[in-house]
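J.: So here's model_4.pdb (PDB, C-alpha atoms).
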MODEL        1
ATOM      1  CA  MET U   1      96.112  98.273 104.834
ATOM      2  CA  LYS U   2      95.500 100.148 101.633
ATOM      3  CA  GLU U   3      93.355  97.296 100.384
ATOM      4  CA  ILE U   4      91.294  97.354 103.574
ATOM      5  CA  HIS U   5      90.796 101.093 103.204
ATOM      6  CA  THR U   6      89.786 100.709  99.550
ATOM      7  CA  ASN U   7      87.287  97.966 100.376
ATOM      8  CA  THR U   8      85.813  99.970 103.221
ATOM      9  CA  ARG U   9      85.462 103.009 100.983
ATOM     10  CA  ALA U  10      83.694 100.921  98.316
ATOM     11  CA  GLN U  11      81.256  99.525 100.878
ATOM     12  CA  ILE U  12      80.435 103.003 102.131
ATOM     13  CA  ASP U  13      80.011 104.339  98.588
ATOM     14  CA  ALA U  14      77.561 101.526  97.861
ATOM     15  CA  ILE U  15      75.133 102.717 100.538
ATOM     16  CA  LEU U  16      75.350 106.478  99.910
ATOM     17  CA  THR U  17      72.988 108.380  97.659
ATOM     18  CA  PRO U  18      74.506 110.424  94.819
ATOM     19  CA  GLU U  19      73.836 113.602  96.814
ATOM     20  CA  GLN U  20      75.569 112.148  99.870
ATOM     21  CA  LYS U  21      78.521 111.092  97.717
ATOM     22  CA  ASN U  22      78.830 114.680  96.454
ATOM     23  CA  GLN U  23      78.640 116.013 100.004
ATOM     24  CA  LEU U  24      81.306 113.548 101.107
ATOM     25  CA  LYS U  25      83.528 114.461  98.180
ATOM     26  CA  THR U  26      83.178 118.187  98.962
ATOM     27  CA  ALA U  27      83.933 117.602 102.643
ATOM     28  CA  MET U  28      86.989 115.499 101.805
ATOM     29  CA  GLU U  29      88.308 118.121  99.374
ATOM     30  CA  LYS U  30      87.854 120.813 102.018
ATOM     31  CA  ARG U  31      89.663 118.674 104.573
ATOM     32  CA  LYS U  32      92.497 118.035 102.121
ATOM     33  CA  ALA U  33      92.847 121.750 101.389
ATOM     34  CA  GLU U  34      92.938 122.541 105.113
ATOM     35  CA  ARG U  35      95.580 119.863 105.669
ATOM     36  CA  GLN U  36      97.695 121.255 102.816
ATOM     37  CA  GLN U  37      97.389 124.753 104.281
ATOM     38  CA  ARG U  38      98.562 123.492 107.681
ATOM     39  CA  GLN U  39     101.479 121.725 105.993
ATOM     40  CA  ARG U  40     102.476 124.937 104.197
ATOM     41  CA  GLN U  41     102.302 126.865 107.463
ATOM     42  CA  HIS U  42     104.352 124.185 109.201
ATOM     43  CA  GLN U  43     106.951 124.306 106.422
ATOM     44  CA  GLU U  44     107.157 128.094 106.709
ATOM     45  CA  ARG U  45     107.728 127.820 110.465
ATOM     46  CA  ARG U  46     110.433 125.202 109.903
ATOM     47  CA  GLU U  47     112.146 127.422 107.350
ATOM     48  CA  LYS U  48     112.096 130.342 109.780
ATOM     49  CA  LYS U  49     113.531 128.108 112.480
ATOM     50  CA  GLY U  50     116.334 127.084 110.146
ATOM     51  CA  ASN U  51     117.018 130.725 109.359
ATOM     52  CA  ILE U  52     117.386 131.465 113.064
ATOM     53  CA  PHE U  53     120.350 129.118 113.356
ATOM     54  CA  GLN U  54     121.823 130.393 110.100
ATOM     55  CA  SER U  55     121.597 133.969 111.327
ATOM     56  CA  LEU U  56     123.667 133.111 114.413
ATOM     57  CA  ASN U  57     126.842 132.713 112.348
ATOM     58  CA  LEU U  58     127.879 129.676 114.371
ATOM     59  CA  THR U  59     131.502 128.634 114.399
ATOM     60  CA  ASP U  60     132.428 125.167 113.198
ATOM     61  CA  LYS U  61     133.070 124.213 116.814
ATOM     62  CA  GLN U  62     129.573 125.355 117.846
ATOM     63  CA  LYS U  63     128.013 123.468 114.935
ATOM     64  CA  ASP U  64     129.889 120.323 115.998
ATOM     65  CA  GLN U  65     128.758 120.746 119.597
ATOM     66  CA  ILE U  66     125.129 121.152 118.541
ATOM     67  CA  LYS U  67     125.429 118.084 116.313
ATOM     68  CA  GLN U  68     126.848 116.086 119.216
ATOM     69  CA  ILE U  69     123.957 117.182 121.441
ATOM     70  CA  HIS U  70     121.426 116.104 118.799
ATOM     71  CA  ASP U  71     123.240 112.793 118.255
ATOM     72  CA  SER U  72     123.246 112.139 121.998
ATOM     73  CA  GLU U  73     119.544 112.906 122.183
ATOM     74  CA  ARG U  74     118.827 110.485 119.327
ATOM     75  CA  GLN U  75     120.872 107.740 120.998
ATOM     76  CA  LYS U  76     119.023 108.205 124.297
ATOM     77  CA  MET U  77     115.678 108.034 122.514
ATOM     78  CA  GLN U  78     116.716 104.922 120.550
ATOM     79  CA  ALA U  79     117.767 103.220 123.787
ATOM     80  CA  ILE U  80     114.244 103.371 125.217
ATOM     81  CA  LEU U  81     112.424 102.237 122.063
ATOM     82  CA  THR U  82     111.599  98.631 121.285
ATOM     83  CA  PRO U  83     113.034  97.214 118.034
ATOM     84  CA  GLN U  84     109.597  97.559 116.451
ATOM     85  CA  GLN U  85     109.363 101.217 117.521
ATOM     86  CA  GLN U  86     112.891 101.827 116.239
ATOM     87  CA  GLU U  87     111.858 100.480 112.837
ATOM     88  CA  GLN U  88     108.738 102.658 112.859
ATOM     89  CA  MET U  89     110.857 105.704 113.729
ATOM     90  CA  LYS U  90     113.282 104.884 110.929
ATOM     91  CA  LYS U  91     110.443 104.648 108.403
ATOM     92  CA  PHE U  92     108.913 107.872 109.728
ATOM     93  CA  ARG U  93     112.214 109.734 109.290
ATOM     94  CA  GLU U  94     112.669 108.345 105.786
ATOM     95  CA  ASN U  95     109.155 109.467 104.853
ATOM     96  CA  MET U  96     109.743 112.920 106.294
ATOM     97  CA  ARG U  97     113.030 113.234 104.385
ATOM     98  CA  SER U  98     111.294 112.183 101.199
ATOM     99  CA  ARG U  99     108.479 114.687 101.718
ATOM    100  CA  ARG U 100     110.941 117.496 102.398
ATOM    101  CA  GLU U 101     112.741 116.704  99.163
ATOM    102  CA  GLN U 102     109.452 116.728  97.250
ATOM    103  CA  ASN U 103     108.353 120.038  98.796
ATOM    104  CA  LYS U 104     111.620 121.884  98.197
ATOM    105  CA  PRO U 105     111.180 124.833  95.847
ATOM    106  CA  GLN U 106     112.927 124.193  92.561
TER     107      GLN U 106
ENDMDL
END
Would you write out, as structure tokens, the structure that this file holds?
T.:
Amino acid sequence: MKEIHTNTRAQIDAILTPEQKNQLKTAMEKRKAERQQRQRQHQERREKKGNIFQSLNLTDKQKDQIKQIHDSERQKMQAILTPQQQEQMKKFRENMRSRREQNKPQ
């Protein structure tokens, strides 16, 4: 897929004028900056959400019950997905985990 994208991009670049290429580059940079801003805002919301549960001072029993509820939810969702969708979900979760690790403040 990456190769297809690269080839498509090269074909488009071949028909654009230098001015159009600059305009495209500027537009893409703006879009990237907006996407990064949304990601930062999303991360901040997620951190606040995590703090909500931490501020509840849950007992170990409550934490276990919440974990069981989440596990049950995941099992129910897995049961309705096709094997292909299950694999896609697995890859999505792995990617999200990887991104979270990369975005953690050091």
J.: So how far away is atom CA of U:Lys90 from atom CA of U:Met77, in Å?
T.: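 Value for the atom CA of U:Met77-atom CA of U:Lys90 distance: 12.2 Å.
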J.: Please report the interatomic distance between atom CA of U:Asn103 and atom CA of U:Glu44 in Å with one decimal.
T.: 11.4 Å
J.: Atom CA of U:Gln39 and atom CA of U:Glu94 are how many Å apart?
T.: 17.4 Å
J.: Could you give me stretch 61-72 of chain U completed to all heavy atoms, formatted as a PDB file, in the frame of the given file?
T.:
ATOM      1  N   LYS U  61     133.061 124.884 115.517  1.00  0.00           N
ATOM      2  CA  LYS U  61     133.070 124.213 116.814  1.00  0.00           C
ATOM      3  C   LYS U  61     131.657 124.186 117.403  1.00  0.00           C
ATOM      4  O   LYS U  61     131.209 123.158 117.917  1.00  0.00           O
ATOM      5  CB  LYS U  61     134.029 124.913 117.774  1.00  0.00           C
ATOM      6  CG  LYS U  61     134.118 124.250 119.121  1.00  0.00           C
ATOM      7  CD  LYS U  61     135.108 124.969 120.025  1.00  0.00           C
ATOM      8  CE  LYS U  61     135.148 124.286 121.399  1.00  0.00           C
ATOM      9  NZ  LYS U  61     136.087 124.945 122.308  1.00  0.00           N
ATOM     10  N   GLN U  62     130.937 125.296 117.323  1.00  0.00           N
ATOM     11  CA  GLN U  62     129.573 125.355 117.846  1.00  0.00           C
ATOM     12  C   GLN U  62     128.652 124.414 117.067  1.00  0.00           C
ATOM     13  O   GLN U  62     127.815 123.723 117.656  1.00  0.00           O
ATOM     14  CB  GLN U  62     129.030 126.781 117.780  1.00  0.00           C
ATOM     15  CG  GLN U  62     129.679 127.724 118.774  1.00  0.00           C
ATOM     16  CD  GLN U  62     129.272 129.170 118.538  1.00  0.00           C
ATOM     17  OE1 GLN U  62     129.253 129.625 117.388  1.00  0.00           O
ATOM     18  NE2 GLN U  62     128.932 129.857 119.615  1.00  0.00           N
ATOM     19  N   LYS U  63     128.826 124.378 115.758  1.00  0.00           N
ATOM     20  CA  LYS U  63     128.013 123.468 114.935  1.00  0.00           C
ATOM     21  C   LYS U  63     128.267 122.026 115.346  1.00  0.00           C
ATOM     22  O   LYS U  63     127.329 121.224 115.458  1.00  0.00           O
ATOM     23  CB  LYS U  63     128.336 123.656 113.454  1.00  0.00           C
ATOM     24  CG  LYS U  63     127.844 124.976 112.896  1.00  0.00           C
ATOM     25  CD  LYS U  63     128.274 125.122 111.440  1.00  0.00           C
ATOM     26  CE  LYS U  63     127.932 126.490 110.900  1.00  0.00           C
ATOM     27  NZ  LYS U  63     128.401 126.680 109.521  1.00  0.00           N
ATOM     28  N   ASP U  64     129.541 121.678 115.568  1.00  0.00           N
ATOM     29  CA  ASP U  64     129.889 120.323 115.998  1.00  0.00           C
ATOM     30  C   ASP U  64     129.277 120.001 117.355  1.00  0.00           C
ATOM     31  O   ASP U  64     128.770 118.897 117.572  1.00  0.00           O
ATOM     32  CB  ASP U  64     131.402 120.144 116.061  1.00  0.00           C
ATOM     33  CG  ASP U  64     132.055 120.062 114.691  1.00  0.00           C
ATOM     34  OD1 ASP U  64     131.323 119.794 113.703  1.00  0.00           O
ATOM     35  OD2 ASP U  64     133.279 120.274 114.606  1.00  0.00           O
ATOM     36  N   GLN U  65     129.320 120.969 118.267  1.00  0.00           N
ATOM     37  CA  GLN U  65     128.758 120.746 119.597  1.00  0.00           C
ATOM     38  C   GLN U  65     127.242 120.524 119.516  1.00  0.00           C
ATOM     39  O   GLN U  65     126.701 119.629 120.173  1.00  0.00           O
ATOM     40  CB  GLN U  65     129.065 121.932 120.521  1.00  0.00           C
ATOM     41  CG  GLN U  65     130.528 122.014 120.917  1.00  0.00           C
ATOM     42  CD  GLN U  65     130.864 123.295 121.657  1.00  0.00           C
ATOM     43  OE1 GLN U  65     130.296 124.346 121.382  1.00  0.00           O
ATOM     44  NE2 GLN U  65     131.781 123.199 122.604  1.00  0.00           N
ATOM     45  N   ILE U  66     126.576 121.307 118.709  1.00  0.00           N
ATOM     46  CA  ILE U  66     125.129 121.152 118.541  1.00  0.00           C
ATOM     47  C   ILE U  66     124.827 119.799 117.924  1.00  0.00           C
ATOM     48  O   ILE U  66     123.901 119.102 118.341  1.00  0.00           O
ATOM     49  CB  ILE U  66     124.541 122.317 117.709  1.00  0.00           C
ATOM     50  CG1 ILE U  66     124.595 123.606 118.526  1.00  0.00           C
ATOM     51  CG2 ILE U  66     123.114 122.016 117.270  1.00  0.00           C
ATOM     52  CD1 ILE U  66     124.229 124.858 117.752  1.00  0.00           C
ATOM     53  N   LYS U  67     125.625 119.398 116.941  1.00  0.00           N
ATOM     54  CA  LYS U  67     125.429 118.084 116.313  1.00  0.00           C
ATOM     55  C   LYS U  67     125.607 116.976 117.339  1.00  0.00           C
ATOM     56  O   LYS U  67     124.828 116.026 117.374  1.00  0.00           O
ATOM     57  CB  LYS U  67     126.399 117.906 115.151  1.00  0.00           C
ATOM     58  CG  LYS U  67     126.191 116.595 114.395  1.00  0.00           C
ATOM     59  CD  LYS U  67     127.178 116.446 113.272  1.00  0.00           C
ATOM     60  CE  LYS U  67     126.994 115.199 112.473  1.00  0.00           C
ATOM     61  NZ  LYS U  67     126.766 113.962 113.194  1.00  0.00           N
ATOM     62  N   GLN U  68     126.614 117.097 118.190  1.00  0.00           N
ATOM     63  CA  GLN U  68     126.848 116.086 119.216  1.00  0.00           C
ATOM     64  C   GLN U  68     125.671 116.005 120.187  1.00  0.00           C
ATOM     65  O   GLN U  68     125.265 114.913 120.598  1.00  0.00           O
ATOM     66  CB  GLN U  68     128.141 116.390 119.985  1.00  0.00           C
ATOM     67  CG  GLN U  68     129.390 116.138 119.180  1.00  0.00           C
ATOM     68  CD  GLN U  68     130.659 116.566 119.909  1.00  0.00           C
ATOM     69  OE1 GLN U  68     130.604 117.095 121.020  1.00  0.00           O
ATOM     70  NE2 GLN U  68     131.800 116.344 119.275  1.00  0.00           N
ATOM     71  N   ILE U  69     125.117 117.149 120.545  1.00  0.00           N
ATOM     72  CA  ILE U  69     123.957 117.182 121.441  1.00  0.00           C
ATOM     73  C   ILE U  69     122.779 116.465 120.795  1.00  0.00           C
ATOM     74  O   ILE U  69     122.115 115.637 121.415  1.00  0.00           O
ATOM     75  CB  ILE U  69     123.594 118.633 121.815  1.00  0.00           C
ATOM     76  CG1 ILE U  69     124.694 119.233 122.702  1.00  0.00           C
ATOM     77  CG2 ILE U  69     122.231 118.701 122.503  1.00  0.00           C
ATOM     78  CD1 ILE U  69     124.600 120.740 122.893  1.00  0.00           C
ATOM     79  N   HIS U  70     122.529 116.758 119.514  1.00  0.00           N
ATOM     80  CA  HIS U  70     121.426 116.104 118.799  1.00  0.00           C
ATOM     81  C   HIS U  70     121.672 114.605 118.666  1.00  0.00           C
ATOM     82  O   HIS U  70     120.745 113.799 118.836  1.00  0.00           O
ATOM     83  CB  HIS U  70     121.229 116.734 117.420  1.00  0.00           C
ATOM     84  CG  HIS U  70     120.521 118.045 117.466  1.00  0.00           C
ATOM     85  ND1 HIS U  70     120.418 118.872 116.388  1.00  0.00           N
ATOM     86  CD2 HIS U  70     119.870 118.682 118.464  1.00  0.00           C
ATOM     87  CE1 HIS U  70     119.742 119.952 116.719  1.00  0.00           C
ATOM     88  NE2 HIS U  70     119.402 119.864 117.977  1.00  0.00           N
ATOM     89  N   ASP U  71     122.910 114.219 118.371  1.00  0.00           N
ATOM     90  CA  ASP U  71     123.240 112.793 118.255  1.00  0.00           C
ATOM     91  C   ASP U  71     123.024 112.075 119.584  1.00  0.00           C
ATOM     92  O   ASP U  71     122.490 110.961 119.625  1.00  0.00           O
ATOM     93  CB  ASP U  71     124.676 112.604 117.778  1.00  0.00           C
ATOM     94  CG  ASP U  71     124.874 113.006 116.325  1.00  0.00           C
ATOM     95  OD1 ASP U  71     123.863 113.167 115.605  1.00  0.00           O
ATOM     96  OD2 ASP U  71     126.051 113.165 115.911  1.00  0.00           O
ATOM     97  N   SER U  72     123.427 112.713 120.668  1.00  0.00           N
ATOM     98  CA  SER U  72     123.246 112.139 121.998  1.00  0.00           C
ATOM     99  C   SER U  72     121.765 111.965 122.313  1.00  0.00           C
ATOM    100  O   SER U  72     121.343 110.937 122.845  1.00  0.00           O
ATOM    101  CB  SER U  72     123.913 113.027 123.051  1.00  0.00           C
ATOM    102  OG  SER U  72     123.628 112.562 124.344  1.00  0.00           O
TER     103      SER U  72
END
